[in-house]
file data-v9.pdb (PDB, C-alpha atoms)
ATOM      1  CA  MET E   1      -2.069  -0.721 -18.255
ATOM      2  CA  THR E   2      -1.583   1.175 -21.496
ATOM      3  CA  THR E   3      -2.285   4.739 -22.466
ATOM      4  CA  CYS E   4      -4.089   5.906 -25.562
ATOM      5  CA  SER E   5      -3.146   9.544 -25.932
ATOM      6  CA  SER E   6      -0.803  12.271 -24.742
ATOM      7  CA  ARG E   7      -1.755  15.500 -22.933
ATOM      8  CA  PRO E   8       0.354  18.285 -21.452
ATOM      9  CA  GLY E   9       1.073  17.645 -17.808
ATOM     10  CA  THR E  10      -0.502  20.834 -16.550
ATOM     11  CA  GLU E  11      -3.760  20.039 -18.344
ATOM     12  CA  LEU E  12      -3.911  16.538 -16.923
ATOM     13  CA  ARG E  13      -3.256  17.706 -13.387
ATOM     14  CA  ALA E  14      -5.903  20.415 -13.818
ATOM     15  CA  ILE E  15      -8.491  17.715 -14.582
ATOM     16  CA  VAL E  16      -8.099  16.085 -11.162
ATOM     17  CA  THR E  17      -7.339  19.198  -9.102
ATOM     18  CA  PRO E  18     -11.056  19.878  -8.318
ATOM     19  CA  PHE E  19     -11.172  16.533  -6.474
ATOM     20  CA  ALA E  20      -8.314  17.465  -4.115
ATOM     21  CA  GLY E  21      -8.862  18.764  -0.613
ATOM     22  CA  ALA E  22     -10.405  17.155   2.447
ATOM     23  CA  GLU E  23     -14.169  17.029   2.918
ATOM     24  CA  ARG E  24     -14.710  16.870   6.662
ATOM     25  CA  ARG E  25     -18.148  15.266   6.552
ATOM     26  CA  ARG E  26     -17.100  12.534   4.137
ATOM     27  CA  SER E  27     -13.934  11.875   6.125
ATOM     28  CA  LEU E  28     -15.897  11.479   9.357
ATOM     29  CA  VAL E  29     -18.381   9.188   7.621
ATOM     30  CA  GLN E  30     -15.531   7.065   6.314
ATOM     31  CA  LEU E  31     -14.026   6.801   9.779
ATOM     32  CA  VAL E  32     -17.351   5.451  11.047
ATOM     33  CA  THR E  33     -17.904   3.133   8.072
ATOM     34  CA  SER E  34     -14.359   1.768   8.354
ATOM     35  CA  PHE E  35     -13.846   1.316  12.080
ATOM     36  CA  GLY E  36     -17.498   0.422  12.738
ATOM     37  CA  PRO E  37     -17.644  -2.643  10.433
ATOM     38  CA  PHE E  38     -14.094  -3.651  11.438
ATOM     39  CA  PHE E  39     -15.014  -3.638  15.118
ATOM     40  CA  ALA E  40     -18.274  -5.440  14.358
ATOM     41  CA  VAL E  41     -16.553  -8.228  12.408
ATOM     42  CA  CYS E  42     -13.842  -8.615  15.061
ATOM     43  CA  GLY E  43     -16.513  -8.634  17.781
ATOM     44  CA  ALA E  44     -18.405 -11.366  15.929
ATOM     45  CA  ALA E  45     -15.173 -13.366  15.661
ATOM     46  CA  TYR E  46     -14.587 -13.051  19.408
ATOM     47  CA  LEU E  47     -18.136 -14.231  20.111
ATOM     48  CA  ALA E  48     -17.901 -17.082  17.608
ATOM     49  CA  TYR E  49     -14.542 -18.390  18.800
ATOM     50  CA  PRO E  50     -15.827 -20.414  21.817
ATOM     51  CA  VAL E  51     -18.527 -21.931  19.569
ATOM     52  CA  SER E  52     -16.460 -22.631  16.462
ATOM     53  CA  TRP E  53     -12.922 -21.483  15.755
ATOM     54  CA  LEU E  54     -13.577 -22.157  12.054
ATOM     55  CA  ILE E  55     -16.303 -19.485  11.966
ATOM     56  CA  SER E  56     -13.968 -17.119  13.785
ATOM     57  CA  LEU E  57     -11.213 -17.898  11.290
ATOM     58  CA  ALA E  58     -13.536 -17.325   8.310
ATOM     59  CA  LEU E  59     -14.328 -13.845   9.637
ATOM     60  CA  ALA E  60     -10.638 -12.983   9.201
ATOM     61  CA  LEU E  61     -11.331 -12.496   5.480
ATOM     62  CA  PRO E  62     -13.705  -9.515   5.817
ATOM     63  CA  ALA E  63     -11.730  -8.238   8.816
ATOM     64  CA  GLY E  64      -8.519  -8.258   6.771
ATOM     65  CA  ALA E  65     -10.191  -6.433   3.876
ATOM     66  CA  LEU E  66     -11.575  -3.806   6.271
ATOM     67  CA  LEU E  67      -8.089  -3.449   7.725
ATOM     68  CA  LEU E  68      -6.962  -2.319   4.279
ATOM     69  CA  ARG E  69      -9.669   0.345   4.393
ATOM     70  CA  VAL E  70      -8.318   1.517   7.761
ATOM     71  CA  PHE E  71      -4.811   1.537   6.292
ATOM     72  CA  SER E  72      -6.090   3.667   3.398
ATOM     73  CA  ILE E  73      -7.212   6.289   5.932
ATOM     74  CA  GLN E  74      -3.793   6.218   7.598
ATOM     75  CA  HIS E  75      -2.200   6.613   4.171
ATOM     76  CA  ASP E  76      -4.360   9.671   3.423
ATOM     77  CA  CYS E  77      -3.460  11.157   6.798
ATOM     78  CA  THR E  78       0.217  10.804   5.868
ATOM     79  CA  HIS E  79      -0.400  12.950   2.789
ATOM     80  CA  GLY E  80      -2.529  15.433   4.750
ATOM     81  CA  SER E  81      -5.485  14.731   2.471
ATOM     82  CA  PHE E  82      -7.957  13.184   4.931
ATOM     83  CA  PHE E  83      -8.529  16.246   7.122
ATOM     84  CA  ALA E  84      -7.638  19.891   6.545
ATOM     85  CA  SER E  85      -6.135  20.035  10.037
ATOM     86  CA  ARG E  86      -2.626  18.635  10.474
ATOM     87  CA  ARG E  87      -3.429  17.748  14.085
ATOM     88  CA  ALA E  88      -6.564  15.861  13.056
ATOM     89  CA  ASN E  89      -4.551  13.911  10.489
ATOM     90  CA  ARG E  90      -1.976  13.003  13.137
ATOM     91  CA  TRP E  91      -4.568  11.779  15.624
ATOM     92  CA  ALA E  92      -6.557   9.846  13.026
ATOM     93  CA  GLY E  93      -3.357   8.356  11.623
ATOM     94  CA  PHE E  94      -2.240   7.270  15.093
ATOM     95  CA  ALA E  95      -5.629   5.693  15.791
ATOM     96  CA  CYS E  96      -5.341   3.707  12.555
ATOM     97  CA  SER E  97      -1.806   2.620  13.462
ATOM     98  CA  LEU E  98      -3.104   0.715  16.501
ATOM     99  CA  PHE E  99      -4.894  -1.664  14.144
ATOM    100  CA  THR E 100      -2.603  -1.619  11.113
ATOM    101  CA  LEU E 101       0.406  -1.990  13.464
ATOM    102  CA  THR E 102       2.183   0.587  11.280
ATOM    103  CA  PRO E 103       3.833   3.513  13.140
ATOM    104  CA  PHE E 104       2.321   6.629  11.610
ATOM    105  CA  ALA E 105       5.227   9.100  11.439
ATOM    106  CA  ALA E 106       8.010   6.572  10.799
ATOM    107  CA  TRP E 107       6.193   4.805   7.973
ATOM    108  CA  GLY E 108       4.978   8.125   6.611
ATOM    109  CA  ARG E 109       8.536   9.394   6.174
ATOM    110  CA  LEU E 110       9.474   6.329   4.120
ATOM    111  CA  HIS E 111       6.318   6.601   2.065
ATOM    112  CA  LEU E 112       6.934  10.240   1.195
ATOM    113  CA  LEU E 113      10.463   9.313   0.091
ATOM    114  CA  HIS E 114       8.869   6.799  -2.259
ATOM    115  CA  HIS E 115       6.756   9.564  -3.784
ATOM    116  CA  ALA E 116       9.908  11.511  -4.566
ATOM    117  CA  ALA E 117      11.491   8.852  -6.774
ATOM    118  CA  TRP E 118       9.091   6.100  -7.833
ATOM    119  CA  ASN E 119       9.856   4.290 -11.117
ATOM    120  CA  ASP E 120      13.157   6.137 -11.424
ATOM    121  CA  LEU E 121      15.832   3.541 -12.178
ATOM    122  CA  HIS E 122      18.541   5.900 -10.979
ATOM    123  CA  ARG E 123      17.024   6.940  -7.640
ATOM    124  CA  SER E 124      15.067   3.855  -6.567
ATOM    125  CA  ASP E 125      15.763   2.542  -3.072
ATOM    126  CA  LEU E 126      16.456  -1.150  -3.676
ATOM    127  CA  SER E 127      15.691  -2.003  -0.042
ATOM    128  CA  ASP E 128      12.049  -1.415  -1.023
ATOM    129  CA  ILE E 129      11.318  -4.754  -2.660
ATOM    130  CA  TYR E 130       7.812  -3.685  -3.693
ATOM    131  CA  SER E 131       8.518  -0.405  -5.482
ATOM    132  CA  ALA E 132      12.036  -0.630  -6.898
ATOM    133  CA  CYS E 133      13.963  -2.755  -9.378
ATOM    134  CA  LEU E 134      17.265  -3.292 -11.123
ATOM    135  CA  THR E 135      17.762  -3.437 -14.849
ATOM    136  CA  VAL E 136      18.519  -6.824 -16.397
ATOM    137  CA  ARG E 137      22.049  -5.626 -17.143
ATOM    138  CA  GLU E 138      22.625  -4.539 -13.525
ATOM    139  CA  TYR E 139      21.221  -7.810 -12.193
ATOM    140  CA  ARG E 140      23.450  -9.927 -14.435
ATOM    141  CA  ALA E 141      26.494  -7.922 -13.344
ATOM    142  CA  LEU E 142      25.965  -8.865  -9.685
ATOM    143  CA  PRO E 143      27.971 -11.699  -8.096
ATOM    144  CA  ARG E 144      25.973 -14.912  -7.764
ATOM    145  CA  ARG E 145      25.429 -14.472  -4.008
ATOM    146  CA  ARG E 146      24.078 -10.934  -4.414
ATOM    147  CA  ARG E 147      21.816 -12.065  -7.261
ATOM    148  CA  LEU E 148      20.349 -14.666  -4.901
ATOM    149  CA  LEU E 149      19.904 -12.094  -2.111
ATOM    150  CA  TYR E 150      18.153  -9.776  -4.555
ATOM    151  CA  ARG E 151      15.981 -12.490  -6.082
ATOM    152  CA  LEU E 152      14.851 -14.492  -3.043
ATOM    153  CA  PRO E 153      12.815 -11.822  -1.191
ATOM    154  CA  ARG E 154      11.173 -10.781  -4.476
ATOM    155  CA  HIS E 155       9.715 -14.196  -5.198
ATOM    156  CA  PRO E 156       5.919 -13.781  -4.830
ATOM    157  CA  LEU E 157       5.723 -16.526  -2.201
ATOM    158  CA  CYS E 158       8.190 -14.605  -0.058
ATOM    159  CA  ALA E 159       7.230 -11.011  -0.936
ATOM    160  CA  ILE E 160       3.465 -11.463  -0.725
ATOM    161  CA  VAL E 161       2.833 -14.399   1.623
ATOM    162  CA  LEU E 162       5.737 -14.864   4.034
ATOM    163  CA  LEU E 163       7.277 -11.430   4.586
ATOM    164  CA  PRO E 164       4.275  -9.093   5.057
ATOM    165  CA  PRO E 165       3.007 -10.519   8.384
ATOM    166  CA  LEU E 166       6.565 -10.476   9.739
ATOM    167  CA  ILE E 167       7.087  -6.885   8.603
ATOM    168  CA  PHE E 168       3.938  -5.667  10.350
ATOM    169  CA  LEU E 169       4.354  -7.801  13.462
ATOM    170  CA  LEU E 170       8.104  -7.515  14.053
ATOM    171  CA  LEU E 171       9.954  -5.117  11.766
ATOM    172  CA  PHE E 172       7.653  -2.170  12.480
ATOM    173  CA  ARG E 173       8.176  -2.627  16.220
ATOM    174  CA  VAL E 174      11.729  -1.263  16.149
ATOM    175  CA  PRO E 175      13.376   1.773  14.457
ATOM    176  CA  PHE E 176      15.465  -0.443  12.175
ATOM    177  CA  ASP E 177      15.939   2.211   9.473
ATOM    178  CA  THR E 178      14.903   5.391  11.281
ATOM    179  CA  PRO E 179      17.936   7.638  11.893
ATOM    180  CA  ARG E 180      18.592   8.920  15.407
ATOM    181  CA  GLU E 181      18.508  12.403  13.891
ATOM    182  CA  LEU E 182      14.738  11.961  13.514
ATOM    183  CA  PRO E 183      13.530  11.618  17.128
ATOM    184  CA  GLY E 184       9.904  12.309  16.236
ATOM    185  CA  GLU E 185       9.726   9.341  13.882
ATOM    186  CA  ARG E 186      11.504   7.078  16.384
ATOM    187  CA  ARG E 187       9.136   8.258  19.103
ATOM    188  CA  SER E 188       6.155   7.321  16.916
ATOM    189  CA  ILE E 189       7.382   3.732  16.841
ATOM    190  CA  TRP E 190       7.669   3.470  20.617
ATOM    191  CA  LEU E 191       4.325   5.226  21.167
ATOM    192  CA  THR E 192       2.666   2.831  18.732
ATOM    193  CA  ASP E 193       4.204  -0.119  20.563
ATOM    194  CA  LEU E 194       2.996   1.277  23.886
ATOM    195  CA  GLY E 195      -0.504   1.719  22.473
ATOM    196  CA  LEU E 196      -0.482  -1.839  21.139
ATOM    197  CA  VAL E 197       0.535  -3.221  24.529
ATOM    198  CA  ALA E 198      -2.236  -1.246  26.243
ATOM    199  CA  LEU E 199      -4.928  -2.151  23.688
ATOM    200  CA  TYR E 200      -4.224  -5.802  23.089
ATOM    201  CA  GLY E 201      -2.904  -6.418  26.577
ATOM    202  CA  GLY E 202      -6.200  -5.117  27.922
ATOM    203  CA  LEU E 203      -8.159  -7.339  25.546
ATOM    204  CA  ALA E 204      -6.054 -10.316  26.596
ATOM    205  CA  LEU E 205      -6.771  -9.683  30.277
ATOM    206  CA  LEU E 206     -10.506  -9.559  29.522
ATOM    207  CA  LEU E 207     -10.789 -12.377  26.984
ATOM    208  CA  GLY E 208      -7.588 -14.381  27.197
ATOM    209  CA  TRP E 209      -4.446 -14.336  25.052
ATOM    210  CA  GLU E 210      -5.496 -17.315  22.963
ATOM    211  CA  ARG E 211      -8.747 -15.724  21.815
ATOM    212  CA  VAL E 212      -7.092 -12.392  21.052
ATOM    213  CA  LEU E 213      -4.349 -14.047  19.003
ATOM    214  CA  MET E 214      -6.798 -16.286  17.133
ATOM    215  CA  VAL E 215      -8.929 -13.294  16.133
ATOM    216  CA  GLN E 216      -6.443 -10.489  15.525
ATOM    217  CA  LEU E 217      -3.550 -12.469  14.050
ATOM    218  CA  PRO E 218      -5.508 -14.053  11.152
ATOM    219  CA  ALA E 219      -7.077 -10.664  10.327
ATOM    220  CA  LEU E 220      -3.641  -9.053  10.253
ATOM    221  CA  MET E 221      -2.267 -11.851   8.080
ATOM    222  CA  VAL E 222      -5.120 -11.528   5.577
ATOM    223  CA  GLY E 223      -4.821  -7.741   5.492
ATOM    224  CA  SER E 224      -1.034  -7.710   5.170
ATOM    225  CA  ILE E 225      -0.970 -10.360   2.425
ATOM    226  CA  ALA E 226      -3.757  -8.689   0.436
ATOM    227  CA  GLY E 227      -2.094  -5.327   0.967
ATOM    228  CA  ALA E 228       1.299  -6.632  -0.171
ATOM    229  CA  TRP E 229      -0.297  -8.066  -3.315
ATOM    230  CA  MET E 230      -1.887  -4.699  -4.134
ATOM    231  CA  LEU E 231       1.359  -2.927  -3.243
ATOM    232  CA  SER E 232       3.380  -5.176  -5.536
ATOM    233  CA  LEU E 233       1.065  -4.263  -8.433
ATOM    234  CA  GLN E 234       1.275  -0.516  -7.944
ATOM    235  CA  HIS E 235       4.441  -0.166 -10.025
ATOM    236  CA  HIS E 236       5.124  -3.673 -11.338
ATOM    237  CA  PHE E 237       2.689  -4.637 -14.075
ATOM    238  CA  GLU E 238       2.681  -5.325 -17.798
ATOM    239  CA  GLY E 239       3.036  -2.064 -19.685
ATOM    240  CA  ALA E 240       4.482  -0.116 -16.750
ATOM    241  CA  ARG E 241       7.063   2.495 -17.639
ATOM    242  CA  TRP E 242      10.292   2.875 -15.666
ATOM    243  CA  SER E 243      12.493   5.834 -16.511
ATOM    244  CA  ALA E 244      16.210   5.967 -17.201
ATOM    245  CA  PRO E 245      18.270   8.674 -15.451
ATOM    246  CA  GLY E 246      17.273  12.099 -16.722
ATOM    247  CA  GLU E 247      14.070  10.908 -18.416
ATOM    248  CA  TRP E 248      11.764  10.860 -15.392
ATOM    249  CA  ASP E 249       8.637  13.013 -15.742
ATOM    250  CA  TYR E 250       6.209  13.358 -12.828
ATOM    251  CA  VAL E 251       2.928  13.369 -14.747
ATOM    252  CA  GLU E 252       3.888  10.801 -17.350
ATOM    253  CA  VAL E 253       5.212   8.304 -14.815
ATOM    254  CA  SER E 254       2.149   8.844 -12.625
ATOM    255  CA  LEU E 255      -0.070   7.598 -15.427
ATOM    256  CA  THR E 256       2.179   5.110 -17.215
ATOM    257  CA  GLY E 257       4.145   3.787 -14.252
ATOM    258  CA  SER E 258       1.444   3.582 -11.575
ATOM    259  CA  SER E 259      -1.399   1.120 -11.788
ATOM    260  CA  TRP E 260      -5.170   1.145 -11.832
ATOM    261  CA  LEU E 261      -6.327  -2.191 -10.457
ATOM    262  CA  GLY E 262      -9.615  -3.261 -12.048
ATOM    263  CA  LEU E 263     -11.534  -4.440  -8.985
ATOM    264  CA  PRO E 264     -15.331  -4.618  -8.691
ATOM    265  CA  LYS E 265     -16.755  -1.427  -7.208
ATOM    266  CA  PHE E 266     -17.579  -3.006  -3.843
ATOM    267  CA  LEU E 267     -13.984  -4.259  -3.462
ATOM    268  CA  HIS E 268     -12.631  -0.800  -4.253
ATOM    269  CA  ARG E 269     -14.840   0.589  -1.484
ATOM    270  CA  LEU E 270     -13.922  -2.216   0.889
ATOM    271  CA  THR E 271     -10.191  -1.591   0.396
ATOM    272  CA  GLY E 272     -10.351   2.199   0.534
ATOM    273  CA  ASN E 273      -9.799   2.692  -3.216
ATOM    274  CA  LEU E 274      -6.135   1.693  -2.943
ATOM    275  CA  GLY E 275      -6.404   0.337  -6.499
ATOM    276  CA  TYR E 276      -6.575   3.840  -8.042
ATOM    277  CA  HIS E 277      -2.860   4.344  -7.625
ATOM    278  CA  HIS E 278      -2.290   6.221 -10.882
ATOM    279  CA  VAL E 279      -4.579   9.080  -9.814
ATOM    280  CA  HIS E 280      -3.089   9.114  -6.326
ATOM    281  CA  HIS E 281       0.389   9.703  -7.754
ATOM    282  CA  LEU E 282      -0.924  12.388 -10.074
ATOM    283  CA  ASN E 283      -2.267  14.323  -7.070
ATOM    284  CA  THR E 284      -1.571  13.079  -3.549
ATOM    285  CA  ARG E 285      -3.994  15.622  -2.059
ATOM    286  CA  ILE E 286      -7.009  13.679  -3.334
ATOM    287  CA  ALA E 287      -8.650  11.763  -0.500
ATOM    288  CA  ASN E 288      -9.272   8.100  -1.218
ATOM    289  CA  TYR E 289     -13.056   8.551  -1.412
ATOM    290  CA  ASN E 290     -12.609  11.007  -4.305
ATOM    291  CA  LEU E 291     -10.235   8.843  -6.346
ATOM    292  CA  PRO E 292     -12.967   7.025  -8.368
ATOM    293  CA  ALA E 293     -14.539  10.327  -9.466
ATOM    294  CA  ALA E 294     -11.127  11.791 -10.294
ATOM    295  CA  SER E 295     -10.295   8.670 -12.314
ATOM    296  CA  ALA E 296     -13.582   8.925 -14.225
ATOM    297  CA  ALA E 297     -12.864  12.565 -15.068
ATOM    298  CA  LEU E 298      -9.364  11.676 -16.209
ATOM    299  CA  GLN E 299     -10.691   8.882 -18.432
ATOM    300  CA  THR E 300     -12.613  11.373 -20.566
ATOM    301  CA  ARG E 301      -9.370  13.080 -21.611
ATOM    302  CA  TYR E 302      -6.654  10.466 -21.070
ATOM    303  CA  PRO E 303      -8.010   6.895 -21.374
ATOM    304  CA  VAL E 304      -6.188   4.300 -19.286
ATOM    305  CA  HIS E 305      -6.823   0.554 -19.187
ATOM    306  CA  PRO E 306      -7.062  -1.022 -15.711
ATOM    307  CA  ILE E 307      -5.171  -4.166 -14.801
ATOM    308  CA  GLY E 308      -7.373  -7.249 -15.121
ATOM    309  CA  LEU E 309      -7.111 -10.530 -13.226
ATOM    310  CA  ALA E 310      -4.516 -12.033 -15.576
ATOM    311  CA  GLY E 311      -2.301  -8.969 -15.249
ATOM    312  CA  ALA E 312      -2.780  -8.922 -11.483
ATOM    313  CA  LEU E 313      -1.558 -12.515 -11.249
ATOM    314  CA  ARG E 314       1.460 -11.911 -13.473
ATOM    315  CA  GLY E 315       2.473  -8.522 -12.033
ATOM    316  CA  PRO E 316       4.317  -9.760  -8.907
ATOM    317  CA  TRP E 317       6.664 -11.802 -11.134
ATOM    318  CA  LEU E 318       7.838  -8.726 -13.078
ATOM    319  CA  THR E 319      10.888  -7.678 -11.094
ATOM    320  CA  LEU E 320      13.525  -6.461 -13.582
ATOM    321  CA  TRP E 321      13.595  -3.714 -16.213
ATOM    322  CA  ASP E 322      14.729  -4.784 -19.669
ATOM    323  CA  ASP E 323      16.358  -1.727 -21.274
ATOM    324  CA  GLY E 324      16.369  -3.291 -24.732
ATOM    325  CA  ALA E 325      12.705  -4.289 -24.726
ATOM    326  CA  GLY E 326      11.572  -1.260 -22.704
ATOM    327  CA  ARG E 327       9.457  -3.330 -20.331
ATOM    328  CA  LEU E 328       9.434  -5.180 -17.026
ATOM    329  CA  VAL E 329      10.355  -8.860 -17.165
ATOM    330  CA  SER E 330      10.547 -11.781 -14.765
ATOM    331  CA  PHE E 331      13.760 -13.388 -13.620
ATOM    332  CA  ARG E 332      12.997 -16.342 -15.876
ATOM    333  CA  ASP E 333      12.498 -14.092 -18.904
ATOM    334  CA  SER E 334      15.709 -12.214 -18.142
ATOM    335  CA  ALA E 335      17.663 -15.442 -18.424
ATOM    336  CA  ALA E 336      16.314 -16.188 -21.917
TER     337      ALA E 336
END

call {"tool": "encode", "arguments": {"input": "data-v9.pdb", "output": "C-alpha cells"}}
result
Amino acid sequence: MTTCSSRPGTELRAIVTPFAGAERRRSLVQLVTSFGPFFAVCGAAYLAYPVSWLISLALALPAGALLLRVFSIQHDCTHGSFFASRRANRWAGFACSLFTLTPFAAWGRLHLLHHAAWNDLHRSDLSDIYSACLTVREYRALPRRRRLLYRLPRHPLCAIVLLPPLIFLLLFRVPFDTPRELPGERRSIWLTDLGLVALYGGLALLLGWERVLMVQLPALMVGSIAGAWMLSLQHHFEGARWSAPGEWDYVEVSLTGSSWLGLPKFLHRLTGNLGYHHVHHLNTRIANYNLPAASAALQTRYPVHPIGLAGALRGPWLTLWDDGAGRLVSFRDSAA
C-alpha cells in the first residue's frame, strides 16, 4: 500500500470523524445478519453430517467466514464502537466469545495494548508474532538458537496454518499472560470456558460428540486460519512503514503502516470489513459497518492503494525491518 499525498493529521482525522459512533439499528441488524447465517450454516452442516460428511465439511468454508464476521463484532465491542452502552458492548462481546472461543475482556486488554504501540520498532511486543518485528540488524545480532526461535513461529505455515487453531482452542482457555493483578480479565477466561462447556456440552448430549466436533472444529479451523492470514497482513505488507524510536506518528502510521486489503465487496461484508484496517487505526470508534464509507471519504483527500492478491500472498513472508532500505523484508532477503 502506498500513499500519494500528505495532509495534516487533524484534517485527516476530521474526514472520518463523522463516521464514528454506534448506530443502534445497524448494530442490531448486523447481529441478526451475522449470527443468523452462522447458525443456519452450522445447522445445515449438522443435518448434512449423517447423509454426507463431505457436504458437512464443505459448509465449514462459509461457516468459518461468518465466524470472522462474528469476531469483527466482538472486536468492535472491545473498542466500545458497536453500541453506545458499555454494558451492551460487554454482553454482545461475551456472546460472540462463545463462538470465536476468544475471552472478551482478556483478549481485549491485549488488543488495546497493540493499539498503543503498533509499528513502533522500539515498543513492539515481540511475543505478538503477527504485529511486531525486529530489525535486520537486531535479528542478526541474536544467537543462532534465538534466531531459530524467532524465525520458526513466523514462518507462514506455522503462523497462519498450524498455530491459529491451537491458539483459539487451547491457549485462550487459560490465563497464560494475564496478570493476577487483573482479576476481571482472568475471570473472563474462566467464564468463557464455563459458557463453552455449557453450550457445546449441551449440543454434544443432544447430537453426539462426534457430530459436534466434525461441524464446529472445521469451522473454527477455517475461521482461525483465514483470520490469521488477514491479521498477518494488517501491518506486514509491501510498502508498510515501521517507525524508529522517536519517529512514531499516530496518523501517519495509521495510513502508511496499516493495511487496506483489496477484497471483493461481498467478502468485505462477509468478514465484517476487517480488511479496512488503516481506517480502523485512524479512528477506533468507527463501527465496522461504517469503515467502507469512511475509507471512501478518505480516498477523496488522501488516496491509498489497497493490497492486491500478489501483495496478500507475499505479506506473511515480510517479517523483518531493513533500516537501510526502509522497508520490510523476508528472512531470505535479509540474508542476501

call {"tool": "closest_residue", "arguments": {"input": "data-v9.pdb", "among": "E:Leu149, E:Leu54, E:Leu328, E:Leu169", "to": "E:Ala132", "atoms": "only C-alpha atoms"}}
result
E:Leu328

call {"tool": "atom_distance", "arguments": {"input": "data-v9.pdb", "atom1": "atom CA of E:Tyr250", "atom2": "atom CA of E:Ile15"}}
result
15.4 Å

call {"tool": "residues_near_point", "arguments": {"input": "data-v9.pdb", "point": "(-8.9, 9.8, -0.4)", "cutoff": "12 Å", "atoms": "only C-alpha atoms", "output": "VMD selection string"}}
result
chain E and resid 19 to 24 26 to 27 30 to 31 69 to 83 268 to 269 271 to 277 279 to 281 283 to 294

call {"tool": "residues_near_point", "arguments": {"input": "data-v9.pdb", "point": "(-14.4, -4.7, 9.2)", "cutoff": "8 Å", "atoms": "only C-alpha atoms", "output": "ChimeraX atom specification"}}
result
/E:34-42,62-67

call {"tool": "closest_residue", "arguments": {"input": "data-v9.pdb", "among": "E:Thr100, E:Val215, E:Glu11, E:Pro164", "to": "E:Trp53", "atoms": "all atoms listed in the file"}}
result
E:Val215

call {"tool": "residues_around", "arguments": {"input": "data-v9.pdb", "residues": "E:Ala60", "least_positions_apart": "6", "cutoff": "9 Å", "atoms": "all atoms listed in the file", "output": "number ranges by chain"}}
result
E: 41-42, 45, 215-223

call {"tool": "write_last_selection", "arguments": {"input": "data-v9.pdb", "atoms": "C-alpha atoms", "output": "short mmCIF file (atom, residue, chain, number, x, y, z; two decimals), keeping the file's coordinate frame"}}
result
data_model
loop_
_atom_site.label_atom_id
_atom_site.label_comp_id
_atom_site.auth_asym_id
_atom_site.auth_seq_id
_atom_site.Cartn_x
_atom_site.Cartn_y
_atom_site.Cartn_z
CA VAL E 41 -16.55 -8.23 12.41
CA CYS E 42 -13.84 -8.62 15.06
CA ALA E 45 -15.17 -13.37 15.66
CA VAL E 215 -8.93 -13.29 16.13
CA GLN E 216 -6.44 -10.49 15.52
CA LEU E 217 -3.55 -12.47 14.05
CA PRO E 218 -5.51 -14.05 11.15
CA ALA E 219 -7.08 -10.66 10.33
CA LEU E 220 -3.64 -9.05 10.25
CA MET E 221 -2.27 -11.85 8.08
CA VAL E 222 -5.12 -11.53 5.58
CA GLY E 223 -4.82 -7.74 5.49
#

call {"tool": "residues_around", "arguments": {"input": "data-v9.pdb", "residues": "E:Asp323", "least_positions_apart": "2", "cutoff": "8 Å", "atoms": "all atoms listed in the file", "output": "NGL selection string"}}
result
:E and (135-136 or 321 or 325-327)

call {"tool": "atom_distance", "arguments": {"input": "data-v9.pdb", "atom1": "atom CA of E:Gly227", "atom2": "atom CA of E:His111"}}
result
14.6 Å

call {"tool": "resolve_selection", "arguments": {"input": "data-v9.pdb", "expression": "the PyMOL selection byres ((chain E and resi 318-320) around 9)", "output": "VMD selection string"}}
result
chain E and resid 129 to 130 132 to 136 139 151 154 to 155 236 to 238 314 to 317 321 to 322 327 to 331 334

call {"tool": "atom_distance", "arguments": {"input": "data-v9.pdb", "atom1": "atom CA of E:Met230", "atom2": "atom CA of E:Ala106"}}
result
21.2 Å

call {"tool": "closest_residue", "arguments": {"input": "data-v9.pdb", "among": "E:Tyr150, E:Trp209, E:Phe266, E:Trp260", "to": "E:Ser295", "atoms": "only C-alpha atoms"}}
result
E:Trp260

call {"tool": "closest_residue", "arguments": {"input": "data-v9.pdb", "among": "E:Gly195, E:Pro18, E:Gly43, E:Gly239", "to": "E:Phe94", "atoms": "only C-alpha atoms"}}
result
E:Gly195

call {"tool": "closest_residue", "arguments": {"input": "data-v9.pdb", "among": "E:Ile160, E:Pro165, E:Arg332, E:Thr256", "to": "E:Val304", "atoms": "all atoms listed in the file"}}
result
E:Thr256

call {"tool": "residues_around", "arguments": {"input": "data-v9.pdb", "residues": "E:Arg211", "least_positions_apart": "4", "cutoff": "9 Å", "atoms": "only C-alpha atoms", "output": "list in words"}}
result
Tyr46, Tyr49, Pro50, Ala204, Leu207, Val215 and Gln216 of chain E

call {"tool": "closest_residue", "arguments": {"input": "data-v9.pdb", "among": "E:Leu28, E:Ala310, E:Ala296, E:Leu57", "to": "E:Val16", "atoms": "all atoms listed in the file"}}
result
E:Ala296

call {"tool": "axis_aligned_box", "arguments": {"input": "data-v9.pdb", "around": "stretch 225-240 of chain E", "padding_each_side": "5 Å", "output": "JSON"}}
result
{"center_x": 0.7, "center_y": -5.2, "center_z": -8.6, "size_x": 18.9, "size_y": 20.2, "size_z": 32.1}

call {"tool": "residues_around", "arguments": {"input": "data-v9.pdb", "residues": "E:Phe176", "least_positions_apart": "3", "cutoff": "12 Å", "atoms": "all atoms listed in the file", "output": "PyMOL selection string"}}
result
chain E and resi 106-107+167+170-173+179-180+185-186+189

call {"tool": "build_atoms", "arguments": {"input": "data-v9.pdb", "residues": "stretch 263-268 of chain E", "atoms": "N, CA and C atoms", "output": "short mmCIF file (atom, residue, chain, number, x, y, z; two decimals), keeping the file's coordinate frame"}}
result
data_model
loop_
_atom_site.label_atom_id
_atom_site.label_comp_id
_atom_site.auth_asym_id
_atom_site.auth_seq_id
_atom_site.Cartn_x
_atom_site.Cartn_y
_atom_site.Cartn_z
N LEU E 263 -10.72 -3.69 -9.94
CA LEU E 263 -11.53 -4.44 -8.98
C LEU E 263 -13.01 -4.09 -9.16
N PRO E 264 -13.91 -4.99 -8.76
CA PRO E 264 -15.33 -4.62 -8.69
C PRO E 264 -15.51 -3.44 -7.74
N LYS E 265 -16.55 -2.66 -7.97
CA LYS E 265 -16.76 -1.43 -7.21
C LYS E 265 -16.81 -1.69 -5.71
N PHE E 266 -17.46 -2.78 -5.29
CA PHE E 266 -17.58 -3.01 -3.84
C PHE E 266 -16.23 -3.33 -3.21
N LEU E 267 -15.32 -3.97 -4.00
CA LEU E 267 -13.98 -4.26 -3.46
C LEU E 267 -13.14 -2.99 -3.39
N HIS E 268 -13.32 -2.09 -4.35
CA HIS E 268 -12.63 -0.80 -4.25
C HIS E 268 -13.05 -0.08 -2.98
#
